[in-house]
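Next comes entry35.txt, a file with compact mmCIF, C-alpha atoms and all ligand atoms.
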```txt
# COMPACT_ATOMS: atom_id res chain seq x y z
CA MET V 1 89.30 85.98 90.88
CA LEU V 2 90.94 84.32 93.91
CA PRO V 3 89.11 85.06 97.17
CA GLN V 4 90.68 88.14 98.75
CA ILE V 5 91.48 88.14 102.46
CA ALA V 6 90.82 91.85 103.10
CA LYS V 7 87.15 92.85 103.01
CA LEU V 8 86.26 96.17 101.42
CA SER V 9 83.19 98.31 102.14
CA GLU V 10 80.10 97.54 100.05
CA GLU V 11 80.62 100.78 98.11
CA LEU V 12 84.23 99.93 97.25
CA GLU V 13 83.23 96.36 96.28
CA MET V 14 80.64 97.81 93.88
CA PHE V 15 83.20 100.18 92.41
CA ARG V 16 85.68 97.32 92.00
CA ALA V 17 83.09 95.13 90.28
CA ALA V 18 82.09 97.96 87.90
CA LEU V 19 85.73 98.55 86.97
CA GLU V 20 86.41 94.84 86.43
CA GLY V 21 83.30 94.62 84.23
CA THR V 22 84.41 97.61 82.15
CA ILE V 23 87.91 96.23 81.58
CA ASP V 24 86.59 92.76 80.72
CA ARG V 25 84.21 94.31 78.19
CA VAL V 26 86.54 96.89 76.60
CA SER V 27 89.87 95.17 76.95
CA PRO V 28 89.68 91.45 77.64
CA VAL V 29 92.93 89.62 78.28
CA ALA V 30 93.47 88.63 74.61
CA ARG V 31 93.30 92.30 73.55
CA VAL V 32 95.60 93.40 76.38
CA GLN V 33 98.09 90.75 75.25
CA LYS V 34 97.84 91.75 71.59
CA LEU V 35 98.41 95.43 72.38
CA ASP V 36 101.31 94.53 74.66
CA ASN V 37 102.97 92.51 71.90
CA ALA V 38 102.39 95.40 69.46
CA LYS V 39 103.63 97.95 72.06
CA GLU V 40 100.46 100.01 71.69
CA PHE V 41 98.64 102.23 74.17
CA ASP V 42 95.05 101.16 74.85
CA ALA V 43 93.18 104.32 73.78
CA GLU V 44 89.76 102.65 74.09
CA LEU V 45 90.36 101.56 77.65
CA HIS V 46 91.67 105.05 78.45
CA ARG V 47 88.38 106.51 77.19
CA ALA V 48 86.30 103.97 79.09
CA LEU V 49 88.17 104.70 82.34
CA ALA V 50 87.49 108.41 81.92
CA GLU V 51 83.78 107.71 81.37
CA LEU V 52 83.68 105.53 84.48
CA GLY V 53 85.24 108.35 86.54
CA VAL V 54 88.54 106.55 87.25
CA MET V 55 90.61 109.45 85.86
CA GLY V 56 88.80 111.88 88.15
CA LEU V 57 89.37 110.00 91.42
CA GLY V 58 91.13 112.37 93.80
CA VAL V 59 90.18 115.40 91.68
CA PRO V 60 87.78 117.70 93.58
CA GLU V 61 84.21 117.86 92.27
CA GLU V 62 84.51 121.62 91.59
CA HIS V 63 87.12 120.67 88.94
CA SER V 64 84.86 118.05 87.35
CA GLY V 65 86.47 115.21 89.28
CA GLY V 66 84.80 112.49 91.26
CA GLY V 67 86.28 113.41 94.65
CA GLY V 68 87.32 110.36 96.61
CA HIS V 69 90.74 109.68 98.01
CA ALA V 70 93.60 107.23 98.26
CA LEU V 71 91.43 104.21 99.06
CA GLU V 72 89.47 104.40 95.80
CA GLN V 73 92.72 104.95 93.92
CA VAL V 74 94.47 101.85 95.33
CA VAL V 75 91.40 99.71 94.64
CA ALA V 76 91.33 100.93 91.01
CA LEU V 77 95.08 100.42 90.61
CA GLU V 78 94.99 96.87 91.99
CA VAL V 79 92.32 95.91 89.44
CA LEU V 80 94.27 97.58 86.61
CA GLY V 81 97.54 95.94 87.71
CA ARG V 82 95.78 92.58 87.54
CA LYS V 83 94.05 93.12 84.21
CA ALA V 84 95.87 95.82 82.18
CA THR V 85 99.23 96.61 83.77
CA SER V 86 100.49 99.25 81.32
CA MET V 87 97.31 101.26 81.94
CA ALA V 88 97.86 100.82 85.69
CA VAL V 89 101.31 102.40 85.36
CA PHE V 90 99.76 105.22 83.30
CA MET V 91 97.27 105.79 86.12
CA VAL V 92 100.02 105.92 88.79
CA VAL V 93 101.58 108.81 86.85
CA HIS V 94 98.14 110.39 86.27
CA TYR V 95 97.27 110.32 90.00
CA MET V 96 100.70 111.76 90.88
CA ILE V 97 100.12 114.66 88.47
CA THR V 98 96.56 115.40 89.63
CA ARG V 99 97.71 115.31 93.25
CA LEU V 100 100.61 117.70 92.58
CA LEU V 101 98.20 120.08 90.83
CA ARG V 102 95.54 119.74 93.53
CA GLU V 103 98.03 120.44 96.33
CA ASN V 104 100.24 123.06 94.68
CA GLY V 105 98.40 124.57 91.71
CA THR V 106 97.04 128.11 91.48
CA ALA V 107 93.27 128.46 90.95
CA GLU V 108 93.95 129.13 87.26
CA GLN V 109 96.25 126.10 86.83
CA LYS V 110 93.65 123.88 88.49
CA VAL V 111 90.92 125.12 86.16
CA ARG V 112 93.15 124.75 83.11
CA TYR V 113 94.42 121.24 83.78
CA LEU V 114 92.43 119.29 86.38
CA GLY V 115 89.12 119.18 84.49
CA PRO V 116 90.66 117.98 81.18
CA LEU V 117 92.82 115.42 83.04
CA ALA V 118 89.75 114.09 84.88
CA ALA V 119 87.84 113.93 81.58
CA GLY V 120 90.74 112.12 79.88
CA THR V 121 90.98 114.76 77.15
CA ILE V 122 94.62 115.52 78.00
CA LYS V 123 97.44 113.31 79.32
CA ALA V 124 100.40 114.32 81.47
CA SER V 125 103.93 113.14 82.31
CA PHE V 126 106.10 113.55 85.39
CA CYS V 127 109.77 114.33 84.70
CA LEU V 128 112.18 113.93 87.60
CA THR V 129 114.77 111.24 86.75
CA GLU V 130 117.96 112.04 84.83
CA ALA V 131 120.52 109.76 83.23
CA GLY V 132 123.02 110.41 86.06
CA GLY V 133 120.78 108.64 88.61
CA GLY V 134 117.22 108.40 89.82
CA THR V 135 117.81 107.54 93.47
CA ASP V 136 120.30 110.30 94.21
CA ILE V 137 118.49 112.73 91.95
CA LEU V 138 119.55 115.79 93.95
CA ALA V 139 123.18 115.09 93.01
CA ALA V 140 122.33 114.01 89.45
CA MET V 141 120.00 116.85 88.44
CA LYS V 142 121.56 118.97 85.68
CA THR V 143 118.32 120.35 84.19
CA ARG V 144 118.24 124.04 84.95
CA ALA V 145 115.80 126.92 84.58
CA VAL V 146 117.03 130.53 84.52
CA ARG V 147 114.93 133.66 84.70
CA GLU V 148 114.52 135.72 81.50
CA GLY V 149 112.34 138.80 81.81
CA ASP V 150 109.11 137.70 83.52
CA GLY V 151 109.56 134.10 82.45
CA TRP V 152 112.07 131.24 82.43
CA VAL V 153 114.36 129.37 80.04
CA LEU V 154 114.58 125.64 80.69
CA SER V 155 117.42 123.37 79.47
CA GLY V 156 118.54 119.83 80.22
CA ASN V 157 117.71 116.17 79.71
CA LYS V 158 115.43 113.72 81.49
CA MET V 159 115.51 109.93 81.30
CA TRP V 160 112.93 107.11 81.56
CA ILE V 161 109.96 109.45 81.31
CA SER V 162 106.65 107.63 80.97
CA GLY V 163 104.29 108.95 78.32
CA ALA V 164 106.43 111.90 77.19
CA SER V 165 105.90 111.06 73.48
CA THR V 166 102.14 110.93 73.84
CA SER V 167 101.21 113.36 76.61
CA ASP V 168 100.11 116.99 76.32
CA ILE V 169 101.63 118.50 79.41
CA MET V 170 104.56 117.63 81.70
CA ILE V 171 105.61 118.54 85.19
CA VAL V 172 109.40 119.03 84.94
CA LEU V 173 111.70 119.45 87.93
CA ALA V 174 114.64 121.75 87.32
CA ARG V 175 117.39 123.37 89.33
CA THR V 176 116.69 127.06 89.98
CA GLY V 177 119.09 127.65 92.89
CA GLU V 178 122.34 126.30 94.29
CA HIS V 179 121.01 124.77 97.54
CA ARG V 180 120.94 120.96 97.14
CA SER V 181 117.27 120.44 98.02
CA ARG V 182 115.92 124.00 98.36
CA GLY V 183 116.94 125.02 94.85
CA ILE V 184 114.55 123.00 92.73
CA THR V 185 111.29 124.14 91.08
CA MET V 186 108.40 122.40 89.34
CA PHE V 187 107.38 123.70 85.90
CA LEU V 188 104.31 122.96 83.80
CA VAL V 189 105.64 122.45 80.28
CA PRO V 190 103.52 121.79 77.16
CA THR V 191 105.06 118.79 75.36
CA ARG V 192 104.66 120.63 72.06
CA ALA V 193 106.58 123.73 73.21
CA GLU V 194 109.51 124.73 71.03
CA GLY V 195 112.72 123.05 72.20
CA VAL V 196 111.04 119.93 73.67
CA THR V 197 111.97 116.60 72.04
CA ALA V 198 111.01 113.15 73.29
CA HIS V 199 112.57 109.94 71.93
CA GLU V 200 111.10 106.60 72.86
CA VAL V 201 113.55 104.24 74.58
CA PRO V 202 113.20 100.55 73.63
CA THR V 203 112.11 98.71 76.78
CA PHE V 204 111.20 95.10 77.58
CA ALA V 205 108.17 95.69 79.83
CA ILE V 206 105.16 97.97 80.41
CA ASN V 207 104.88 97.75 76.64
CA GLY V 208 101.57 99.60 76.35
CA TYR V 209 102.99 102.86 77.67
CA ASP V 210 105.90 104.71 76.06
CA THR V 211 109.12 105.32 78.02
CA ASN V 212 111.27 108.21 76.84
CA GLU V 213 114.42 110.21 76.87
CA LEU V 214 113.52 113.92 76.94
CA ALA V 215 115.59 116.84 75.68
CA LEU V 216 114.78 120.39 76.79
CA ASP V 217 116.67 122.89 74.66
CA ASN V 218 116.17 126.51 75.73
CA VAL V 219 112.44 126.03 76.28
CA ARG V 220 110.87 129.45 76.97
CA LEU V 221 108.18 129.42 79.64
CA PRO V 222 105.92 132.16 81.04
CA ALA V 223 106.00 133.08 84.74
CA ASP V 224 102.79 131.12 85.39
CA ALA V 225 104.49 127.89 84.27
CA VAL V 226 105.85 127.57 87.82
CA LEU V 227 103.88 125.00 89.82
CA GLY V 228 104.04 125.63 93.56
CA GLU V 229 106.82 127.74 95.04
CA VAL V 230 110.09 128.65 93.34
CA ASP V 231 112.99 126.63 94.88
CA ARG V 232 110.58 124.46 96.95
CA GLY V 233 109.70 121.94 94.26
CA PHE V 234 111.62 119.05 95.75
CA SER V 235 109.88 119.15 99.14
CA GLN V 236 106.53 119.57 97.37
CA VAL V 237 107.22 116.46 95.30
CA VAL V 238 108.49 114.49 98.30
CA ALA V 239 105.19 115.27 100.06
CA THR V 240 103.32 113.45 97.29
CA LEU V 241 105.78 110.57 96.89
CA ASN V 242 104.20 108.60 99.75
CA GLY V 243 101.04 108.62 97.66
CA GLU V 244 102.93 107.43 94.59
CA ARG V 245 104.57 104.68 96.69
CA MET V 246 101.25 103.24 97.90
CA ASN V 247 99.80 103.52 94.40
CA ALA V 248 102.78 101.63 92.99
CA ALA V 249 102.25 99.05 95.75
CA ALA V 250 98.64 98.57 94.63
CA VAL V 251 99.71 97.93 91.03
CA ALA V 252 102.35 95.44 92.21
CA VAL V 253 99.66 93.60 94.22
CA GLY V 254 97.50 93.48 91.08
CA ILE V 255 100.38 92.07 89.03
CA GLY V 256 101.09 89.40 91.67
CA ARG V 257 97.43 88.42 91.97
CA GLY V 258 96.98 88.32 88.20
CA ALA V 259 99.98 86.01 87.91
CA LEU V 260 98.71 83.75 90.68
CA GLU V 261 95.25 83.47 89.12
CA VAL V 262 96.53 82.32 85.74
CA THR V 263 99.05 80.02 87.45
CA ARG V 264 96.36 78.38 89.59
CA GLN V 265 94.20 77.82 86.52
CA TYR V 266 97.12 76.33 84.60
CA ALA V 267 98.02 74.07 87.54
CA LEU V 268 94.43 72.74 87.58
CA GLU V 269 94.58 71.85 83.86
CA ARG V 270 98.14 70.80 83.05
CA GLN V 271 98.84 67.09 83.57
CA ALA V 272 102.05 65.34 84.62
CA PHE V 273 102.49 61.79 85.92
CA GLY V 274 98.77 61.16 85.43
CA LYS V 275 97.47 64.05 87.49
CA ALA V 276 97.06 67.82 87.43
CA LEU V 277 100.11 69.85 88.53
CA GLY V 278 97.93 71.36 91.25
CA GLN V 279 97.66 67.96 92.92
CA PHE V 280 101.38 67.95 93.73
CA GLN V 281 101.91 69.26 97.24
CA ALA V 282 105.10 71.07 96.21
CA VAL V 283 103.19 73.06 93.57
CA GLN V 284 100.37 73.90 96.02
CA HIS V 285 102.94 75.11 98.56
CA GLN V 286 104.68 77.34 96.04
CA ILE V 287 101.41 79.03 95.06
CA ALA V 288 100.17 79.23 98.66
CA THR V 289 103.42 80.86 99.86
CA ALA V 290 103.30 83.46 97.10
CA GLY V 291 99.61 84.04 97.89
CA ILE V 292 100.35 84.76 101.56
CA ALA V 293 103.00 87.29 100.53
CA ILE V 294 100.69 89.12 98.12
CA GLU V 295 97.67 89.20 100.48
CA SER V 296 99.90 90.52 103.32
CA ALA V 297 101.21 93.22 101.00
CA TRP V 298 97.62 94.21 100.12
CA LEU V 299 96.73 94.60 103.82
CA LEU V 300 99.67 97.01 104.24
CA THR V 301 98.65 98.87 101.07
CA LEU V 302 95.06 99.29 102.28
CA GLU V 303 96.32 100.52 105.66
CA ALA V 304 98.61 103.04 103.91
CA ALA V 305 95.65 104.31 101.84
CA ARG V 306 93.39 104.52 104.92
CA SER V 307 96.05 106.49 106.80
CA ASP V 308 96.39 108.86 103.85
CA ALA V 309 92.63 109.34 103.57
CA GLU V 310 92.43 110.11 107.30
CA GLY V 311 95.36 112.55 107.16
CA ARG V 312 97.71 110.37 109.25
CA PRO V 313 101.46 110.11 108.39
CA THR V 314 102.13 107.49 105.71
CA ASP V 315 105.89 107.55 105.21
CA VAL V 316 106.58 104.30 107.12
CA VAL V 317 103.49 102.34 106.12
CA SER V 318 103.70 103.32 102.44
CA SER V 319 107.38 102.27 102.36
CA MET V 320 106.44 98.95 104.00
CA ALA V 321 103.59 98.45 101.51
CA LYS V 322 105.80 99.27 98.54
CA TRP V 323 108.63 96.95 99.68
CA ALA V 324 106.29 94.06 100.54
CA SER V 325 104.22 94.29 97.36
CA ALA V 326 107.18 94.66 94.98
CA LYS V 327 108.83 91.61 96.58
CA ALA V 328 105.58 89.60 96.57
CA ALA V 329 104.88 90.50 92.92
CA VAL V 330 108.31 89.20 91.91
CA GLN V 331 107.72 86.04 93.97
CA CYS V 332 104.26 85.42 92.43
CA THR V 333 105.41 85.98 88.84
CA ASP V 334 108.55 83.88 89.35
CA THR V 335 106.42 81.07 90.80
CA GLY V 336 104.13 81.37 87.78
CA MET V 337 106.99 81.14 85.30
CA GLU V 338 108.30 78.05 87.07
CA ILE V 339 104.93 76.28 86.97
CA PHE V 340 104.17 77.30 83.36
CA ALA V 341 107.71 76.13 82.48
CA GLY V 342 107.99 76.03 78.66
CA ALA V 343 104.56 77.61 78.19
CA GLY V 344 105.84 80.58 80.18
CA PHE V 345 107.83 81.58 77.10
CA ASP V 346 104.71 81.83 74.91
CA THR V 347 104.17 85.55 74.32
CA ASN V 348 100.47 84.93 73.63
CA LEU V 349 100.01 84.00 77.28
CA PRO V 350 99.94 86.63 80.04
CA ILE V 351 102.33 85.05 82.58
CA GLN V 352 105.48 86.29 80.82
CA ARG V 353 103.96 89.81 80.71
CA TYR V 354 103.31 89.78 84.46
CA TYR V 355 106.86 88.47 84.98
CA ARG V 356 108.38 91.33 82.93
CA ASP V 357 106.08 94.04 84.26
CA ALA V 358 106.71 93.10 87.91
CA ARG V 359 110.33 94.28 87.58
CA LEU V 360 109.38 97.99 87.41
CA TYR V 361 108.25 98.44 90.97
CA SER V 362 111.37 96.81 92.44
CA PHE V 363 113.27 100.02 91.74
CA ALA V 364 110.62 102.64 90.98
CA PRO V 365 109.44 105.03 92.20
CA LEU V 366 111.79 104.14 95.07
CA ASN V 367 114.16 101.17 95.07
CA GLN V 368 113.77 98.39 97.62
CA ASN V 369 116.94 99.33 99.55
CA MET V 370 115.77 102.92 99.88
CA ALA V 371 112.38 101.73 101.18
CA LEU V 372 114.26 99.77 103.87
CA ASN V 373 116.53 102.79 104.56
CA MET V 374 113.37 104.85 105.14
CA ILE V 375 111.93 102.21 107.50
CA GLY V 376 115.28 102.02 109.35
CA GLU V 377 115.31 105.77 109.88
CA ARG V 378 111.64 106.60 110.45
CA TRP V 379 110.33 103.45 112.18
CA LEU V 380 113.41 101.98 113.88
CA SER V 381 114.88 105.44 114.67
CA PHE V 382 118.33 104.48 113.33
CA PRO V 383 120.54 107.25 111.95
CA ARG V 384 120.00 107.97 108.24
CA SER V 385 122.06 105.43 106.31
CA PHE V 386 122.50 107.19 102.96
C1 LIG G 1 109.60 101.88 82.56
C2 LIG G 1 110.07 103.02 83.42
C3 LIG G 1 109.26 104.12 83.62
C4 LIG G 1 109.71 105.20 84.38
N1 LIG G 1 108.93 106.34 84.48
C5 LIG G 1 109.43 107.45 85.06
C6 LIG G 1 108.72 108.70 85.00
O1 LIG G 1 107.62 108.78 84.44
N2 LIG G 1 109.28 109.79 85.57
C7 LIG G 1 110.49 109.76 86.19
O2 LIG G 1 110.93 110.80 86.68
N3 LIG G 1 111.20 108.59 86.28
C8 LIG G 1 110.71 107.45 85.71
N4 LIG G 1 111.42 106.27 85.74
C9 LIG G 1 112.72 106.24 86.42
C10 LIG G 1 112.70 105.52 87.77
O3 LIG G 1 112.00 106.28 88.72
C11 LIG G 1 114.20 105.27 88.16
O4 LIG G 1 114.66 104.23 87.32
C12 LIG G 1 114.35 104.94 89.62
O5 LIG G 1 114.14 106.07 90.42
C13 LIG G 1 115.76 104.39 89.91
O6 LIG G 1 116.74 105.23 89.39
P1 LIG G 1 117.93 104.59 88.51
O7 LIG G 1 117.36 103.71 87.49
O8 LIG G 1 118.78 105.73 88.07
O9 LIG G 1 118.74 103.70 89.54
P2 LIG G 1 119.97 104.12 90.46
O10 LIG G 1 119.66 105.37 91.19
O11 LIG G 1 121.22 104.09 89.63
O12 LIG G 1 120.01 102.93 91.52
C14 LIG G 1 120.38 101.61 91.10
C15 LIG G 1 120.32 100.66 92.27
O13 LIG G 1 121.33 101.01 93.22
C16 LIG G 1 120.91 100.68 94.55
N5 LIG G 1 120.97 101.90 95.38
C17 LIG G 1 120.99 103.20 94.98
N6 LIG G 1 121.06 104.01 96.04
C18 LIG G 1 121.10 103.24 97.15
C19 LIG G 1 121.19 103.48 98.57
N7 LIG G 1 121.26 104.72 99.10
N8 LIG G 1 121.20 102.43 99.42
C20 LIG G 1 121.14 101.15 98.91
N9 LIG G 1 121.07 100.86 97.60
C21 LIG G 1 121.04 101.89 96.73
C22 LIG G 1 119.47 100.11 94.41
O14 LIG G 1 119.54 98.72 94.32
C23 LIG G 1 119.01 100.68 93.08
O15 LIG G 1 117.98 99.92 92.48
C24 LIG G 1 110.99 105.15 85.01
C25 LIG G 1 111.80 104.02 84.83
C26 LIG G 1 111.38 102.98 84.02
C27 LIG G 1 112.29 101.82 83.79
```
Using structure tokens, write down the structure from this file.
Ligand SMILES: Cc1cc2nc3c(=O)[nH]c(=O)nc-3n(C[C@H](O)[C@H](O)[C@H](O)COP(=O)(O)OP(=O)(O)OC[C@H]3O[C@@H](n4cnc5c(N)ncnc54)[C@H](O)[C@@H]3O)c2cc1C
Amino acid sequence: MLPQIAKLSEELEMFRAALEGTIDRVSPVARVQKLDNAKEFDAELHRALAELGVMGLGVPEEHSGGGGHALEQVVALEVLGRKATSMAVFMVVHYMITRLLRENGTAEQKVRYLGPLAAGTIKASFCLTEAGGGTDILAAMKTRAVREGDGWVLSGNKMWISGASTSDIMIVLARTGEHRSRGITMFLVPTRAEGVTAHEVPTFAINGYDTNELALDNVRLPADAVLGEVDRGFSQVVATLNGERMNAAAVAVGIGRGALEVTRQYALERQAFGKALGQFQAVQHQIATAGIAIESAWLLTLEAARSDAEGRPTDVVSSMAKWASAKAAVQCTDTGMEIFAGAGFDTNLPIQRYYRDARLYSFAPLNQNMALNMIGERWLSFPRSF
């Protein structure tokens, strides 16, 4: 691993080392690459992460979790982004779900779902985006739930949903009222409920985690399927999105660092004009510049996680971390592809995987322009621009 500029506490360093050791043992790079090429989920790594307590980070101890907060989560996600990116993306969704349940669930919902999620015995998906648009989702959302007796009937379609073919439970956002933002509710929906169909969408990256189109056809739900307050689902989700943003930032940092590590190694070995590529100043400068970008992004990500753990506002710093890390990850992977040149096209080598996977966090969970819009409004006090 390249020396990291930010120093972590001894406890976090030990946690990071334990996680790295587990991934190296259960899923070394050759296995990660093989599963990526085969588009397969890494069930063994999933099990090992549950045993190590990674699934339970952020889940209170009374619900069989490991406690902890945002700082432990970003450290775990950076390691996973570096070593097993599809699993890192799975964990971003997992932490979003456990946070939504922790902050909005009834005592019964917490008992029913948090323990099994922390133990890794069930998996969950988060269903917000629709085909009409992810950024302006309030205008695009056509999925609707209407009351029937004590319960609800849910109908509509969702797009680009991670894990919907393989998860057990989903949090689905649906329109329940006419007000643009105060007319949306979160529902807990079993993926095997009648009327739910998920179709995998062919995608070119994050190959170890399924991406789906979801159809909800008159799905009947009991009253206790509502998560949080009726009509307040959007603000409840927005409250957790800062967390998702910093978690996505941590994965992007991992992707960028992973790419730089393999690129540095390649530059030390590959010869041209009688010397290693890494002896050319131009090559050193390319890697150094990308390295500065990724280490700066990590400092912002750690600060966002610290603010979150201490209960300080995170909207500006998490947007900064997300923007900086997504940009740096693209820079690092692009630099890698340039230095690997022809070998960058070899699908047995990880650089092309980092290059493909880095694309996700340029537009998800929030696109780069929207991150800047947020910074313009909340940090620079400009009028809202969208
Ligand atoms: C692999 C993968 C997994 C995903 N997993 C999930 C999931 O589990 N759950 C889920 O709900 N969603 C998921 N998504 C969806 C993802 O969150 C959306 O793709 C994202 O929110 C962007 O929405 P969009 O693709 O509709 O882009 P659009 O909203 O169409 O935006 C396209 C582009 O337009 C520009 N743009 C839009 N609005 C503005 C503005 N106001 N100012 C400036 N520029 C703007 C930006 O450049 C933006 O990237 C996933 C997507 C992928 C590809």
Between chain V and ligand LIG 1 (chain G), at 9 Å or less, what are the per-residue closest atom pairs and their distances in Å? Count all atoms listed in the file, order by chain and rising residue number, and return it as a tab-separated table.
```
residue	atom	partner	partner_atom	distance
V:Val89	CA	G:LIG1	C3	8.3
V:Phe90	CA	G:LIG1	O1	8.7
V:Val93	CA	G:LIG1	O1	6.5
V:Ser125	CA	G:LIG1	O1	6.1
V:Phe126	CA	G:LIG1	N2	4.9
V:Cys127	CA	G:LIG1	O2	4.2
V:Leu128	CA	G:LIG1	O2	3.5
V:Thr129	CA	G:LIG1	O2	3.9
V:Glu130	CA	G:LIG1	O8	7.1
V:Ala131	CA	G:LIG1	O8	6.5
V:Gly132	CA	G:LIG1	O8	6.6
V:Gly133	CA	G:LIG1	O8	3.6
V:Gly134	CA	G:LIG1	O6	3.2
V:Thr135	CA	G:LIG1	O10	3.7
V:Asp136	CA	G:LIG1	O10	5.8
V:Ile137	CA	G:LIG1	O10	7.5
V:Lys158	CA	G:LIG1	O2	7.5
V:Met159	CA	G:LIG1	N3	6.7
V:Trp160	CA	G:LIG1	C24	4.4
V:Ile161	CA	G:LIG1	C6	4.0
V:Ser162	CA	G:LIG1	O1	3.8
V:Gly163	CA	G:LIG1	O1	7.0
V:Ala164	CA	G:LIG1	O1	8.0
V:Val172	CA	G:LIG1	O2	8.5
V:Leu173	CA	G:LIG1	O2	8.8
V:Thr203	CA	G:LIG1	C1	7.1
V:Phe204	CA	G:LIG1	C1	8.6
V:Ala205	CA	G:LIG1	C1	6.9
V:Ile206	CA	G:LIG1	C1	6.3
V:Asn207	CA	G:LIG1	C1	8.6
V:Tyr209	CA	G:LIG1	C1	8.3
V:Asp210	CA	G:LIG1	C1	8.0
V:Thr211	CA	G:LIG1	C1	5.7
V:Asn212	CA	G:LIG1	C3	8.2
V:Asp357	CA	G:LIG1	C1	8.8
V:Arg359	CA	G:LIG1	C27	8.7
V:Leu360	CA	G:LIG1	C27	6.0
V:Tyr361	CA	G:LIG1	C26	8.9
V:Ser362	CA	G:LIG1	O15	7.3
V:Phe363	CA	G:LIG1	O15	4.8
V:Ala364	CA	G:LIG1	O3	4.5
V:Pro365	CA	G:LIG1	O3	4.5
V:Leu366	CA	G:LIG1	O5	5.6
V:Asn367	CA	G:LIG1	O15	4.8
V:Gln368	CA	G:LIG1	O14	6.7
V:Asn369	CA	G:LIG1	C20	4.6
V:Met370	CA	G:LIG1	N8	5.5
V:Leu372	CA	G:LIG1	C20	8.6
V:Asn373	CA	G:LIG1	N8	7.0
V:Ser385	CA	G:LIG1	N7	7.3
V:Phe386	CA	G:LIG1	N7	4.7
```
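Atom pair CA of Ser318 (chain V) / CA of Val238 (chain V): separated by 12.8 Å.
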Contact table region 83-157 of chain V vs region 186-197 of chain V, cut-off 12 Å, shortest pair per residue, all atoms listed in the file, as CSV:
```
residue,atom,partner,partner_atom,distance
V:Ile97,CA,V:Leu188,CA,10.4
V:Leu100,CA,V:Met186,CA,9.7
V:Leu101,CA,V:Leu188,CA,9.7
V:Asn104,CA,V:Met186,CA,9.8
V:Gly105,CA,V:Leu188,CA,10.0
V:Thr106,CA,V:Leu188,CA,11.8
V:Gln109,CA,V:Leu188,CA,9.2
V:Lys110,CA,V:Leu188,CA,11.7
V:Arg112,CA,V:Leu188,CA,11.3
V:Tyr113,CA,V:Leu188,CA,10.0
V:Ile122,CA,V:Pro190,CA,10.9
V:Lys123,CA,V:Thr191,CA,10.2
V:Ala124,CA,V:Thr191,CA,8.9
V:Ser125,CA,V:Thr191,CA,9.0
V:Phe126,CA,V:Leu188,CA,9.7
V:Cys127,CA,V:Met186,CA,9.4
V:Leu128,CA,V:Met186,CA,9.4
V:Thr143,CA,V:Met186,CA,11.4
V:Arg144,CA,V:Met186,CA,10.9
V:Ala145,CA,V:Phe187,CA,9.1
V:Val146,CA,V:Phe187,CA,11.9
V:Gly151,CA,V:Phe187,CA,11.2
V:Trp152,CA,V:Phe187,CA,9.5
V:Val153,CA,V:Gly195,CA,10.2
V:Leu154,CA,V:Gly195,CA,9.1
V:Ser155,CA,V:Gly195,CA,8.7
V:Gly156,CA,V:Val196,CA,10.0
V:Asn157,CA,V:Thr197,CA,9.6
```
Export of the given selection (C-alpha atoms) as an mmCIF file, in the coordinates of the input:
```
data_model
loop_
_atom_site.group_PDB
_atom_site.id
_atom_site.type_symbol
_atom_site.label_atom_id
_atom_site.label_comp_id
_atom_site.auth_asym_id
_atom_site.auth_seq_id
_atom_site.Cartn_x
_atom_site.Cartn_y
_atom_site.Cartn_z
ATOM 1 C CA ILE V 97 100.120 114.660 88.470
ATOM 2 C CA LEU V 100 100.610 117.700 92.580
ATOM 3 C CA LEU V 101 98.200 120.080 90.830
ATOM 4 C CA ASN V 104 100.240 123.060 94.680
ATOM 5 C CA GLY V 105 98.400 124.570 91.710
ATOM 6 C CA THR V 106 97.040 128.110 91.480
ATOM 7 C CA GLN V 109 96.250 126.100 86.830
ATOM 8 C CA LYS V 110 93.650 123.880 88.490
ATOM 9 C CA ARG V 112 93.150 124.750 83.110
ATOM 10 C CA TYR V 113 94.420 121.240 83.780
ATOM 11 C CA ILE V 122 94.620 115.520 78.000
ATOM 12 C CA LYS V 123 97.440 113.310 79.320
ATOM 13 C CA ALA V 124 100.400 114.320 81.470
ATOM 14 C CA SER V 125 103.930 113.140 82.310
ATOM 15 C CA PHE V 126 106.100 113.550 85.390
ATOM 16 C CA CYS V 127 109.770 114.330 84.700
ATOM 17 C CA LEU V 128 112.180 113.930 87.600
ATOM 18 C CA THR V 143 118.320 120.350 84.190
ATOM 19 C CA ARG V 144 118.240 124.040 84.950
ATOM 20 C CA ALA V 145 115.800 126.920 84.580
ATOM 21 C CA VAL V 146 117.030 130.530 84.520
ATOM 22 C CA GLY V 151 109.560 134.100 82.450
ATOM 23 C CA TRP V 152 112.070 131.240 82.430
ATOM 24 C CA VAL V 153 114.360 129.370 80.040
ATOM 25 C CA LEU V 154 114.580 125.640 80.690
ATOM 26 C CA SER V 155 117.420 123.370 79.470
ATOM 27 C CA GLY V 156 118.540 119.830 80.220
ATOM 28 C CA ASN V 157 117.710 116.170 79.710
#
```
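Taking CA of Asp231 (chain V) and CA of Gly183 (chain V) as the two end points, the separation is 4.3 Å.
Nearest-residue note for Ile339 (chain V): choosing from V:Leu227, V:Met374, V:Ile351, V:Met55, the minimum distance belongs to V:Ile351, counting all atoms listed in the file.
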Legend entry - Nearest residue to Glu72 (chain V) from the set V:Leu19, V:Ala239, V:Ala290, V:Ala50 (distances using only C-alpha atoms): V:Leu19
Inset, instruction - Name all residues at most 7 Å from region 26-40 of chain V (count only C-alpha atoms; drop same-chain ones fewer than 2 positions away) and give them as an MDAnalysis selection string. - result: chainID V and resid 22:24 42 45 83:84 207:208 348 350
